[in-house]
Amino acid sequence: MCAICGIVGKDTGDKLYNMLLTLKHRGPDKSGIFIDGEISHGNLEDLTMPQGNFGLGHNLLSIVGSEVVQPLHQGRIVLVCNGEVYNYSQLHSELEKEFNYDFKTDSDSEVVLALIKEYYNGSLLKTIPLVAEQLDGDYAFAAYDGKDLVAVRDPVGVKPLYYGNENGLFGFASEKKALWTAGINETHSLPPSFMLHNQEPVALPPRLSWKEDLSRNESKEFENTPRTLNKDYIKNILKDLILKSVQRRIRGLDRVGMLFSGGVDSTLLTVLCADLGVETELYAVGSEGSPDLNCAEKVAEYMHLPIHIKIVDEEVVREYTPLVVNAIEEWNLMKLGVGMTGYLAAELAHENGLRVMLSGQGADELFAGYHRYLDFYHKKGENAQKDLMSDVENLYHVNLERDDKVTMANSVELRVPYLDLQIINMAMNIPMKYKINGQGDRLRKCILREVARDRGVNPEIVKRPKKAAQYGSGIHKILTRKVLKDPTYMENLKNSFKFIDI
């Protein structure tokens, strides 16, 4: 995972440098630039930054493989990419066999470049939709062919991409603060499955759907199973998809961290990682005696897994509030409470040498985990799926951007197995009656809990009610009852952030 940025305007070299410097936490290993036709790679402080009119930048966070420094180029095409392509091996093989593509690296980003090259017909506007259709991954990338600039965001919006146009400058970046540094103060978040084409947002063909036919599932493992929509059939497919999603997200890793609350979502992922043979470490955050912390410690002991704990109190919350606000780039109390949990967990993981963590993000929206879905189901029946799908489509600016930025603030990449496209599209077709067992269902997420039970998750965890991270950790209470009631502290906080309205 990395940082990408780009800027168009007059004498942009210094601005591009400052953008990359601002994003250094996202890619501390190496940097690369493309300015007016010239590419340079190396340590950021050693790069020569000519004062050109067009620039692309990249900071590298090396995780697996050769993880080459970008920009990459092939002929007239130049690429900077932030993300993971989970069907990399399949695409790599197909491009070698069908197109005789000569790969120079084992970086999954080169697969994106190879696809662009093979589909390119003189128009990036026409090429990119064909490329995006082939990709299974979480990514944001930008490509330039000497005349057109495109920047693309993945179908779910797991990876952030912001852009803005101000004072004769156009820019895009992985975080808003890089644009602020360049003098672009008004920023926009590019929606999922969109691309910028010469500064204008253009929708790509949708990849999310809740109208597919489960009875036509292509999973070979279940090809001899009767094609009926009974719960056992659906549950078997779901087990298989979640397992394969985790496999894709831990490919090439010996160790992985788990953003861990002790709830059913993260515990199921933990069980799967352990079953797949990757060393798994748990990271839990909470105040002394908080529900999440107590539960996480019990699960870790039950599973005989190492757990790293950060105890929060008023002093910790005071210290980290400005750090988290700086990371999430907005003032939002709910995002602050949840974001602090992720920030502190990622900081611990970074200290332990980890660069990848997994999260259970998205499971509540897909499988009706929140209490409000009870009312939706009671009023709308199966049409409540539309409410779930709406929440999934809005996850990018509600949760995903926040989670990416607080973990990447500590140079840790967060991966979200439940938000695999196959799982999303399947989950949106699982009948609501398999997610919510009547109006009095205080647990919800019924079918996912059954999958967890079948995979060996502790029955106590399977039946644990949902509790939002900011409440389960105790951070929200400390914020609202103590820290944010201190007028002097709040005044100092407001004065610390020029572009954030507190």
# chains A, B, ... in the order shown; residues from 1 in each chain; ligands from 1
call {"tool": "select_by_dssp", "arguments": {"residues": "region 138-207 of chain A", "states": "helix (DSSP H, G or I)", "output": "PyMOL selection string"}}
result
chain A and resi 176-181
call {"tool": "residues_around", "arguments": {"residues": "region 498-500 of chain A", "least_positions_apart": "5", "cutoff": "9 Å", "atoms": "only C-alpha atoms", "output": "list in words"}}
result
Lys177, Trp180, Asn185, Val325, Asn326, Glu329, Glu330 and Trp331 of chain A
call {"tool": "residues_around", "arguments": {"residues": "Leu269 (chain A)", "least_positions_apart": "4", "cutoff": "12 Å", "atoms": "only C-alpha atoms", "output": "ChimeraX atom specification"}}
result
/A:239,242-247,249-250,256-265,273-276,278,280-282,357-361,363,415-418,448,451-452,455-457
call {"tool": "residues_around", "arguments": {"residues": "region 16-23 of chain A", "least_positions_apart": "2", "cutoff": "9 Å", "atoms": "only C-alpha atoms", "output": "PyMOL selection string"}}
result
chain A and resi 2-7+12-14+25-28+31+33+44-45+47+49+55-59+173-175+177-182+409
call {"tool": "write_last_selection", "arguments": {"atoms": "C-alpha atoms", "output": "PDB file, in the first residue's frame"}}
result
ATOM      1  CA  CYS A   2       1.214   3.445  -0.832  1.00  0.00           C
ATOM      2  CA  ALA A   3       0.394   7.098  -1.408  1.00  0.00           C
ATOM      3  CA  ILE A   4      -0.296   8.636  -4.792  1.00  0.00           C
ATOM      4  CA  CYS A   5      -0.686  12.238  -5.842  1.00  0.00           C
ATOM      5  CA  GLY A   6      -0.659  14.410  -8.921  1.00  0.00           C
ATOM      6  CA  ILE A   7      -0.747  18.085  -9.765  1.00  0.00           C
ATOM      7  CA  THR A  12       4.478  22.497  -9.647  1.00  0.00           C
ATOM      8  CA  GLY A  13       7.730  20.783  -8.633  1.00  0.00           C
ATOM      9  CA  ASP A  14       7.897  22.195  -5.104  1.00  0.00           C
ATOM     10  CA  HIS A  25       3.560   8.141   6.526  1.00  0.00           C
ATOM     11  CA  ARG A  26       1.657   6.196   3.864  1.00  0.00           C
ATOM     12  CA  GLY A  27       4.866   5.098   2.143  1.00  0.00           C
ATOM     13  CA  PRO A  28       8.062   5.552   4.141  1.00  0.00           C
ATOM     14  CA  SER A  31       9.476   7.666  -3.467  1.00  0.00           C
ATOM     15  CA  ILE A  33       8.073  11.253  -9.383  1.00  0.00           C
ATOM     16  CA  LEU A  44      12.341  11.603  -1.224  1.00  0.00           C
ATOM     17  CA  GLU A  45      14.912  13.993   0.210  1.00  0.00           C
ATOM     18  CA  LEU A  47      15.003  13.569  -5.515  1.00  0.00           C
ATOM     19  CA  MET A  49      12.179  18.267  -8.404  1.00  0.00           C
ATOM     20  CA  GLY A  55       3.590  15.892 -12.041  1.00  0.00           C
ATOM     21  CA  LEU A  56       2.735  12.493 -10.574  1.00  0.00           C
ATOM     22  CA  GLY A  57       4.095  11.233  -7.257  1.00  0.00           C
ATOM     23  CA  HIS A  58       4.264   7.972  -5.338  1.00  0.00           C
ATOM     24  CA  ASN A  59       5.420   6.902  -1.864  1.00  0.00           C
ATOM     25  CA  ALA A 173      -4.080  12.698  -3.647  1.00  0.00           C
ATOM     26  CA  SER A 174      -4.624   9.844  -1.216  1.00  0.00           C
ATOM     27  CA  GLU A 175      -5.397  12.349   1.550  1.00  0.00           C
ATOM     28  CA  LYS A 177      -3.950  17.331   3.582  1.00  0.00           C
ATOM     29  CA  ALA A 178      -1.655  16.805   0.601  1.00  0.00           C
ATOM     30  CA  LEU A 179      -3.960  18.989  -1.490  1.00  0.00           C
ATOM     31  CA  TRP A 180      -4.144  21.576   1.293  1.00  0.00           C
ATOM     32  CA  THR A 181      -0.339  21.685   1.289  1.00  0.00           C
ATOM     33  CA  ALA A 182      -0.391  22.475  -2.440  1.00  0.00           C
ATOM     34  CA  ALA A 409      -1.021   7.270   9.685  1.00  0.00           C
TER      35      ALA A 409
END
call {"tool": "residues_around", "arguments": {"residues": "Ser473 (chain A)", "least_positions_apart": "2", "cutoff": "7 Å", "atoms": "only C-alpha atoms", "output": "list in words"}}
result
Val285, Gly286, Ser287, Ser290, Pro291, Asp292, Leu293, Ala469, Gln470, Tyr471 and Ile475 of chain A
call {"tool": "residues_around", "arguments": {"residues": "Leu443 (chain A)", "least_positions_apart": "6", "cutoff": "8 Å", "atoms": "only C-alpha atoms", "output": "PDB file with C-alpha atoms, in the first residue's frame"}}
result
ATOM      1  CA  GLY A 369     -25.949  -6.206  12.328  1.00  0.00           C
ATOM      2  CA  LYS A 463     -24.027 -14.929  20.791  1.00  0.00           C
ATOM      3  CA  ARG A 464     -22.341 -11.690  21.823  1.00  0.00           C
ATOM      4  CA  PRO A 465     -24.547  -8.640  20.983  1.00  0.00           C
ATOM      5  CA  LYS A 466     -23.216  -5.909  18.711  1.00  0.00           C
TER       6      LYS A 466
END
call {"tool": "closest_residue", "arguments": {"among": "A:Gly83, A:Gly52, A:Pro201, A:Gly440", "to": "Gly9 (chain A)", "atoms": "only C-alpha atoms"}}
result
A:Gly52
call {"tool": "residues_around", "arguments": {"residues": "Ala427 (chain A)", "least_positions_apart": "2", "cutoff": "8 Å", "atoms": "only C-alpha atoms", "output": "MDAnalysis selection string"}}
result
chainID A and resid 210 366:367 423:425 429:430
call {"tool": "closest_residue", "arguments": {"among": "A:Asn43, A:Ser93, A:Thr341, A:Gln439", "to": "Thr407 (chain A)", "atoms": "only C-alpha atoms"}}
result
A:Thr341
call {"tool": "select_by_dssp", "arguments": {"residues": "region 275-383 of chain A", "states": "strand (DSSP E or B)", "output": "list in words"}}
result
Glu279, Thr280, Glu281, Leu282, Tyr283, Ala284, Val285, Gly286, Ser287, Ile307, His308, Ile309, Lys310, Ile311, Val312, Val356, Met357 and Leu358 of chain A
call {"tool": "atom_distance", "arguments": {"atom1": "CA of Phe141 (chain A)", "atom2": "CA of Ser193 (chain A)"}}
result
11.9 Å
